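> If it helps, the file is called protein17.cif and holds mmCIF, C-alpha atoms:
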data_my_file
#
loop_
_atom_site.label_atom_id
_atom_site.label_comp_id
_atom_site.auth_asym_id
_atom_site.auth_seq_id
_atom_site.Cartn_x
_atom_site.Cartn_y
_atom_site.Cartn_z
CA MET A 1 0.00 0.00 0.00
CA PRO A 2 1.60 3.29 -1.05
CA ALA A 3 2.19 5.56 1.90
CA GLU A 4 0.80 8.60 0.13
CA ALA A 5 -2.60 6.91 -0.20
CA LEU A 6 -2.90 6.76 3.56
CA VAL A 7 -3.86 9.42 5.99
CA THR A 8 -3.21 8.61 9.61
CA ALA A 9 -6.50 8.77 11.44
CA GLU A 10 -5.02 8.18 14.87
CA ASP A 11 -1.38 8.63 15.58
CA THR A 12 -1.24 6.45 18.63
CA GLU A 13 -0.99 2.70 18.55
CA ILE A 14 -3.75 0.23 19.33
CA ARG A 15 -2.66 -2.80 21.33
CA PHE A 16 -4.08 -6.31 20.91
CA GLU A 17 -2.63 -7.99 23.99
CA GLU A 18 -3.27 -11.49 22.61
CA GLY A 19 -2.50 -10.60 19.02
CA ILE A 20 -4.81 -11.38 16.14
CA ILE A 21 -6.34 -14.87 15.90
CA GLY A 22 -3.88 -17.03 13.98
CA VAL A 23 -1.21 -14.31 14.17
CA PRO A 24 -0.39 -13.97 17.88
CA ARG A 25 2.74 -11.93 17.22
CA ALA A 26 0.68 -9.14 15.64
CA ARG A 27 -0.05 -7.02 18.70
CA ARG A 28 0.54 -3.36 17.97
CA PHE A 29 -1.36 -1.66 15.17
CA GLU A 30 -2.20 1.72 13.84
CA LEU A 31 -5.46 2.55 12.08
CA LEU A 32 -5.05 4.27 8.76
CA GLU A 33 -7.86 6.10 7.05
CA ARG A 34 -8.06 5.98 3.27
CA GLN A 35 -9.48 8.70 1.14
CA ASP A 36 -12.57 7.84 -0.88
CA SER A 37 -12.91 4.38 0.61
CA PRO A 38 -14.87 2.90 3.50
CA ILE A 39 -12.10 0.33 3.88
CA ARG A 40 -9.55 1.39 6.45
CA VAL A 41 -6.25 -0.35 7.08
CA LEU A 42 -4.97 -1.66 10.40
CA ARG A 43 -1.23 -1.71 9.92
CA CYS A 44 0.79 -3.91 12.20
CA LEU A 45 3.78 -2.29 13.91
CA ASP A 46 5.27 -5.66 14.93
CA ILE A 47 5.36 -7.49 11.60
CA GLU A 48 6.67 -5.67 8.57
CA GLY A 49 4.15 -5.76 5.73
CA PHE A 50 1.28 -7.18 7.79
CA ALA A 51 -1.88 -5.13 7.50
CA LEU A 52 -5.58 -5.90 7.73
CA PRO A 53 -8.26 -4.15 5.68
CA VAL A 54 -11.17 -3.34 8.01
CA ILE A 55 -14.60 -1.77 7.69
CA ASP A 56 -17.40 -0.58 9.88
CA PRO A 57 -19.37 -3.84 10.27
CA ARG A 58 -22.63 -1.95 9.85
CA LEU A 59 -21.81 -1.59 6.15
CA ALA A 60 -22.41 -5.34 5.92
CA ASP A 61 -25.25 -5.51 8.46
CA THR A 62 -27.05 -2.30 9.39
CA THR A 63 -28.45 -3.91 12.56
CA TYR A 64 -25.07 -5.23 13.76
CA GLN A 65 -24.95 -5.03 17.52
CA PRO A 66 -23.19 -8.06 18.96
CA VAL A 67 -23.43 -8.91 22.63
CA LEU A 68 -20.03 -8.70 24.29
CA GLY A 69 -19.68 -10.84 27.38
CA PRO A 70 -18.45 -9.59 30.74
CA HIS A 71 -15.04 -11.17 30.14
CA VAL A 72 -14.61 -8.96 27.05
CA GLN A 73 -15.57 -5.87 29.04
CA GLU A 74 -13.05 -6.94 31.66
CA ALA A 75 -10.24 -7.74 29.23
CA LEU A 76 -10.64 -4.34 27.59
CA LEU A 77 -10.99 -2.51 30.93
CA LEU A 78 -14.32 -1.06 29.80
CA GLU A 79 -16.43 0.85 32.24
CA ALA A 80 -20.17 0.21 32.35
CA GLY A 81 -21.83 1.55 29.23
CA GLU A 82 -18.56 2.72 27.68
CA PRO A 83 -18.81 2.58 23.89
CA VAL A 84 -16.37 0.55 21.80
CA LEU A 85 -15.21 0.81 18.23
CA LEU A 86 -16.10 -2.30 16.25
CA LEU A 87 -14.22 -3.16 13.08
CA ALA A 88 -14.66 -6.15 10.80
CA VAL A 89 -11.70 -7.74 9.00
CA THR A 90 -12.43 -7.61 5.29
CA THR A 91 -11.31 -9.89 2.48
CA LEU A 92 -11.71 -9.19 -1.19
CA GLU A 93 -13.46 -11.90 -3.14
CA PRO A 94 -14.21 -11.88 -6.86
CA THR A 95 -17.79 -10.90 -6.02
CA GLY A 96 -16.69 -7.97 -3.86
CA PRO A 97 -15.54 -7.32 -0.31
CA VAL A 98 -16.77 -9.61 2.46
CA ALA A 99 -16.58 -8.78 6.14
CA ASN A 100 -15.99 -11.16 9.04
CA LEU A 101 -18.87 -10.38 11.40
CA ARG A 102 -18.31 -13.48 13.53
CA ALA A 103 -14.97 -12.31 14.93
CA PRO A 104 -15.00 -8.51 15.15
CA LEU A 105 -12.11 -6.42 16.39
CA VAL A 106 -13.36 -4.70 19.54
CA ILE A 107 -11.45 -1.56 20.53
CA ASN A 108 -11.52 0.44 23.72
CA VAL A 109 -10.95 3.82 22.09
CA ARG A 110 -10.10 5.62 25.31
CA ARG A 111 -7.39 3.19 26.41
CA ARG A 112 -6.42 1.98 22.91
CA ILE A 113 -6.57 -1.66 23.82
CA ALA A 114 -8.32 -4.19 21.64
CA LYS A 115 -9.24 -7.81 21.19
CA GLN A 116 -10.51 -9.98 18.37
CA VAL A 117 -13.60 -11.61 19.82
CA ILE A 118 -15.21 -14.79 18.49
CA LEU A 119 -18.92 -14.26 19.06
CA ASP A 120 -21.02 -17.07 20.42
CA ASP A 121 -23.85 -15.84 18.24
CA ARG A 122 -23.84 -17.98 15.11
CA ALA A 123 -26.25 -15.57 13.45
CA TYR A 124 -23.27 -13.42 12.51
CA PRO A 125 -21.52 -14.85 9.45
CA LEU A 126 -17.82 -15.22 8.86
CA ARG A 127 -18.29 -13.86 5.35
CA ALA A 128 -20.91 -11.15 4.97
CA PRO A 129 -21.03 -9.27 1.68
CA VAL A 130 -20.40 -5.54 2.02
CA ALA A 131 -23.09 -3.46 0.36
CA ALA A 132 -21.88 -1.69 -2.78
CA ARG A 133 -21.88 2.02 -2.40
CA MET B 1 0.07 -35.34 23.54
CA LEU B 2 -1.21 -36.71 26.83
CA VAL B 3 -3.83 -39.38 26.20
CA LEU B 4 -6.21 -40.45 28.98
CA SER B 5 -9.08 -42.94 28.93
CA ARG B 6 -12.40 -41.78 30.37
CA LYS B 7 -15.87 -43.29 30.56
CA GLN B 8 -19.21 -41.52 30.42
CA ASN B 9 -19.69 -39.05 33.30
CA GLU B 10 -16.00 -39.09 34.15
CA SER B 11 -14.02 -35.87 34.05
CA ILE B 12 -10.59 -34.43 33.50
CA VAL B 13 -9.34 -31.40 35.39
CA VAL B 14 -6.97 -28.96 33.67
CA GLY B 15 -5.14 -26.53 35.92
CA ASN B 16 -7.13 -25.35 38.89
CA SER B 17 -10.15 -24.03 37.10
CA VAL B 18 -11.09 -26.11 34.07
CA ARG B 19 -13.10 -29.33 34.12
CA ILE B 20 -13.99 -31.36 31.05
CA THR B 21 -16.63 -34.08 31.43
CA VAL B 22 -17.53 -36.86 29.02
CA VAL B 23 -21.30 -36.38 28.81
CA GLU B 24 -22.17 -38.97 26.21
CA VAL B 25 -20.42 -41.53 24.06
CA SER B 26 -22.27 -42.81 21.02
CA ALA B 27 -21.62 -44.12 17.54
CA SER B 28 -21.95 -40.61 16.11
CA GLY B 29 -19.41 -39.02 18.40
CA VAL B 30 -18.47 -37.93 21.88
CA ARG B 31 -20.25 -35.10 23.71
CA LEU B 32 -18.10 -33.14 26.11
CA GLY B 33 -19.07 -30.65 28.81
CA PHE B 34 -16.77 -27.80 29.80
CA GLU B 35 -16.64 -25.87 33.04
CA ALA B 36 -14.22 -22.96 32.98
CA PRO B 37 -13.93 -19.34 34.08
CA PRO B 38 -15.44 -16.87 31.58
CA GLU B 39 -12.08 -15.46 30.50
CA ILE B 40 -11.14 -18.83 29.01
CA SER B 41 -12.49 -19.11 25.48
CA ILE B 42 -13.71 -22.51 24.35
CA TYR B 43 -14.40 -23.11 20.66
CA ARG B 44 -14.49 -25.91 18.16
CA GLU B 45 -11.17 -25.98 16.39
CA GLU B 46 -12.80 -25.42 12.99
CA ILE B 47 -14.11 -21.93 13.80
CA HIS B 48 -10.74 -20.90 15.18
CA LEU B 49 -8.90 -22.15 12.09
CA GLU B 50 -11.42 -20.51 9.79
CA ILE B 51 -11.00 -17.12 11.47
CA ALA B 52 -7.21 -17.46 11.44
CA ARG B 53 -7.38 -18.27 7.73
CA ALA B 54 -9.67 -15.28 7.08
CA ASN B 55 -7.27 -12.97 8.93
CA ARG B 56 -4.30 -14.19 6.90
CA ALA B 57 -6.22 -13.99 3.63
CA ALA B 58 -7.22 -10.40 4.43
CA ALA B 59 -3.62 -9.48 5.21
CA ASP B 60 -2.40 -11.04 1.95
CA VAL B 61 -4.58 -8.72 -0.09
CA THR B 62 -2.98 -5.61 1.39
CA LYS B 63 0.41 -7.13 0.63
CA SER B 64 -0.15 -8.30 -2.92
CA GLU B 65 -2.92 -6.14 -4.33
CA PRO B 66 -2.95 -2.74 -2.70
CA ALA B 67 -4.67 -1.31 -5.76
CA ALA B 68 -7.62 -3.68 -5.27
CA LEU B 69 -8.43 -2.04 -1.96
CA LYS B 70 -10.77 0.52 -3.38
#
Could the structure of this file be written out as structure tokens, please?


Amino acid sequence: MPAEALVTAEDTEIRFEEGIIGVPRARRFELLERQDSPIRVLRCLDIEGFALPVIDPRLADTTYQPVLGPHVQEALLLEAGEPVLLLAVTTLEPTGPVANLRAPLVINVRRRIAKQVILDDRAYPLRAPVAAR
Amino acid sequence: MLVLSRKQNESIVVGNSVRITVVEVSASGVRLGFEAPPEISIYREEIHLEIARANRAAADVTKSEPAALK
């Protein structure tokens, strides 16, 4: 990804204490905004060249509101009712982008700590098509 | 890998806080019950592998086809 295409949305790092599922070494990230695209990029600061395209999961499911268990609230040091930023890892398939709604990235914006959570709710698919704009 | 034999309704304790019980043994498979603190995630291996694969596939796109990320 060419650096000039990216605008840094947040200049502080986001920490995934347990890494990303399947890539435990990938712990520190920064979120990069892209002009003219709903797809943002989470760039890993631990592994050179490792970056995840992410979107607002509500672009794939307007009613998306997963239940996060108390252990998630605890792991992310969330206070009661504190909002979180939800991002869905996105892959590009021949038919268009698909978002992983089953294992969202949950971010405590205030403390910049995050966790990829596997939801118990099977209603949320691993591959949800993202609506064309 | 540690291999232990267990009969129906017998359990295995892992650490101080996890207990796995053989609930049912039948021709179609084995049903297991898990008791663990909420911070310990328990999933079928398939879902975990599938999410790991999806994460890696997503990362590969940014590596190989940055232009496709429109």

> Find the residues near Pro24 of chain A: any atom within 12 Å, counting only C-alpha atoms, skip ones fewer than 2 places away on the same chain, and give them as a list in words.

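Contacts, in chain order: Arg15, Phe16, Glu17, Glu18, Gly19, Ile20, Ile21, Gly22, Ala26, Arg27, Arg28, Cys44, Asp46, Ile47, Lys115 and Gln116 of chain A; Ala52, Asn55 and Arg56 of chain B.
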
> To one decimal place, how far is atom CA of His71 of chain A from atom CA of Val22 of chain B in Å?

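It comes out at 25.8 Å.
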
> Would you compute the distance between atom CA of Thr21 of chain B and atom CA of Ile42 of chain B? Give it in Å to one decimal.

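Atom-to-atom, atom CA of Thr21 of chain B and atom CA of Ile42 of chain B are spaced 13.9 Å apart.
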
> Out of B:Arg44, B:Ser28, B:Met1, B:Glu39, which residue has the shortest atom-to-atom distance to chain A when counting only C-alpha atoms?

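Among the listed residues, B:Glu39 lies closest to chain A.
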
> Hey, which of A:Tyr64, A:Phe29, A:Tyr124, A:Phe50 ends up closest to chain B? Count all atoms listed in the file.

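Closest residue, counting all atoms listed in the file: A:Phe50.
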
> Counting all atoms listed in the file, what are the residues of chain A within 8 Å of chain B, and for each of them which pair of atoms is the nearest and at what distance in Å, to one decimal? Sort the table by chain and rising number, as JSON lines.


{"residue": "A:Met1", "atom": "CA", "partner": "B:Pro66", "partner_atom": "CA", "distance": 4.8}
{"residue": "A:Pro2", "atom": "CA", "partner": "B:Pro66", "partner_atom": "CA", "distance": 7.7}
{"residue": "A:Ile20", "atom": "CA", "partner": "B:Asn55", "partner_atom": "CA", "distance": 7.8}
{"residue": "A:Ile21", "atom": "CA", "partner": "B:Ala52", "partner_atom": "CA", "distance": 5.2}
{"residue": "A:Gly22", "atom": "CA", "partner": "B:Ala52", "partner_atom": "CA", "distance": 4.2}
{"residue": "A:Val23", "atom": "CA", "partner": "B:Ala52", "partner_atom": "CA", "distance": 7.3}
{"residue": "A:Asp36", "atom": "CA", "partner": "B:Lys70", "partner_atom": "CA", "distance": 7.9}
{"residue": "A:Ser37", "atom": "CA", "partner": "B:Lys70", "partner_atom": "CA", "distance": 5.9}
{"residue": "A:Ile39", "atom": "CA", "partner": "B:Leu69", "partner_atom": "CA", "distance": 7.3}
{"residue": "A:Gly49", "atom": "CA", "partner": "B:Lys63", "partner_atom": "CA", "distance": 6.5}
{"residue": "A:Phe50", "atom": "CA", "partner": "B:Ala59", "partner_atom": "CA", "distance": 6.0}
{"residue": "A:Ala51", "atom": "CA", "partner": "B:Ala59", "partner_atom": "CA", "distance": 5.2}
{"residue": "A:Leu52", "atom": "CA", "partner": "B:Ala59", "partner_atom": "CA", "distance": 4.8}
{"residue": "A:Pro53", "atom": "CA", "partner": "B:Ala58", "partner_atom": "CA", "distance": 6.5}
{"residue": "A:Pro70", "atom": "CA", "partner": "B:Pro38", "partner_atom": "CA", "distance": 7.9}
{"residue": "A:His71", "atom": "CA", "partner": "B:Glu39", "partner_atom": "CA", "distance": 5.2}
{"residue": "A:Val72", "atom": "CA", "partner": "B:Glu39", "partner_atom": "CA", "distance": 7.8}
{"residue": "A:Val89", "atom": "CA", "partner": "B:Asn55", "partner_atom": "CA", "distance": 6.9}
{"residue": "A:Thr90", "atom": "CA", "partner": "B:Ala58", "partner_atom": "CA", "distance": 6.0}
{"residue": "A:Thr91", "atom": "CA", "partner": "B:Ala58", "partner_atom": "CA", "distance": 4.6}
{"residue": "A:Leu92", "atom": "CA", "partner": "B:Val61", "partner_atom": "CA", "distance": 7.2}
{"residue": "A:Asn100", "atom": "CA", "partner": "B:Ala54", "partner_atom": "CA", "distance": 7.8}
{"residue": "A:Ala103", "atom": "CA", "partner": "B:Ile51", "partner_atom": "CA", "distance": 7.1}
{"residue": "A:Leu126", "atom": "CA", "partner": "B:Ile51", "partner_atom": "CA", "distance": 7.5}

> Where does the PyMOL selection byres ((chain A and resi 96) around 9) land in this file, that is, which residues does it pick, as a compact mmCIF listing (two decimals) with C-alpha atoms, in the coordinates of the input?


# COMPACT_ATOMS: atom_id res chain seq x y z
CA THR A 91 -11.31 -9.89 2.48
CA LEU A 92 -11.71 -9.19 -1.19
CA GLU A 93 -13.46 -11.90 -3.14
CA PRO A 94 -14.21 -11.88 -6.86
CA THR A 95 -17.79 -10.90 -6.02
CA PRO A 97 -15.54 -7.32 -0.31
CA VAL A 98 -16.77 -9.61 2.46
CA PRO A 129 -21.03 -9.27 1.68
CA VAL A 130 -20.40 -5.54 2.02
CA ALA A 131 -23.09 -3.46 0.36
CA ALA A 132 -21.88 -1.69 -2.78

> Residues within 12 Å of Val30 of chain B, please, as a list in words. Count all atoms listed in the file; anything in the same chain fewer than 6 positions from it doesn't count.

Arg6, Lys7, Gln8, Asn9, Thr21, Val22, Val23 and Glu24 of chain B

> What is the atom CA of Arg112 of chain A to atom CA of Ile14 of chain A distance in Å?

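Atom CA of Ile14 of chain A lies 4.8 Å from atom CA of Arg112 of chain A.
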
> Could you work out an axis-aligned bounding box for all listed atoms of segment 16-32 of chain A, with 6 Å added on each of the six sides, and give its centre and edge lengths in Å to one decimal, as lines of an AutoDock Vina configuration file?


center_x = -1.8
center_y = -6.4
center_z = 16.4
size_x = 21.1
size_y = 33.3
size_z = 27.2

> Evaluating the PyMOL selection byres ((chain A and resi 66) around 12) on the displayed file yields which residues, as an NGL selection string?

:A and (57-58 or 61-65 or 67-69 or 72 or 84-88 or 101-106 or 117-125)

> Deliver the residues from the most recent selection as a file, using C-alpha atoms, as a CSV table (one decimal), in the frame of the given file.


chain,number,residue,atom,x,y,z
A,57,PRO,CA,-19.4,-3.8,10.3
A,58,ARG,CA,-22.6,-2.0,9.8
A,61,ASP,CA,-25.2,-5.5,8.5
A,62,THR,CA,-27.0,-2.3,9.4
A,63,THR,CA,-28.4,-3.9,12.6
A,64,TYR,CA,-25.1,-5.2,13.8
A,65,GLN,CA,-25.0,-5.0,17.5
A,67,VAL,CA,-23.4,-8.9,22.6
A,68,LEU,CA,-20.0,-8.7,24.3
A,69,GLY,CA,-19.7,-10.8,27.4
A,72,VAL,CA,-14.6,-9.0,27.0
A,84,VAL,CA,-16.4,0.6,21.8
A,85,LEU,CA,-15.2,0.8,18.2
A,86,LEU,CA,-16.1,-2.3,16.2
A,87,LEU,CA,-14.2,-3.2,13.1
A,88,ALA,CA,-14.7,-6.2,10.8
A,101,LEU,CA,-18.9,-10.4,11.4
A,102,ARG,CA,-18.3,-13.5,13.5
A,103,ALA,CA,-15.0,-12.3,14.9
A,104,PRO,CA,-15.0,-8.5,15.2
A,105,LEU,CA,-12.1,-6.4,16.4
A,106,VAL,CA,-13.4,-4.7,19.5
A,117,VAL,CA,-13.6,-11.6,19.8
A,118,ILE,CA,-15.2,-14.8,18.5
A,119,LEU,CA,-18.9,-14.3,19.1
A,120,ASP,CA,-21.0,-17.1,20.4
A,121,ASP,CA,-23.8,-15.8,18.2
A,122,ARG,CA,-23.8,-18.0,15.1
A,123,ALA,CA,-26.2,-15.6,13.4
A,124,TYR,CA,-23.3,-13.4,12.5
A,125,PRO,CA,-21.5,-14.8,9.4

> Selection in question (the file shown): the PyMOL selection byres ((chain B and resi 15) around 12). Which residues does it include, as a list in words?

Ile12, Val13, Val14, Asn16, Ser17, Val18, Arg19, Ile20, Glu35, Ala36, Pro37 and Ile40 of chain B

> Let me make sure I understand: among A:Arg25, A:Ala128, A:Ala60, A:Val109, which one has the smallest atom-to-atom distance to Leu45 of chain A if we use all atoms listed in the file?

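Smallest distance to Leu45 of chain A is found for A:Arg25.
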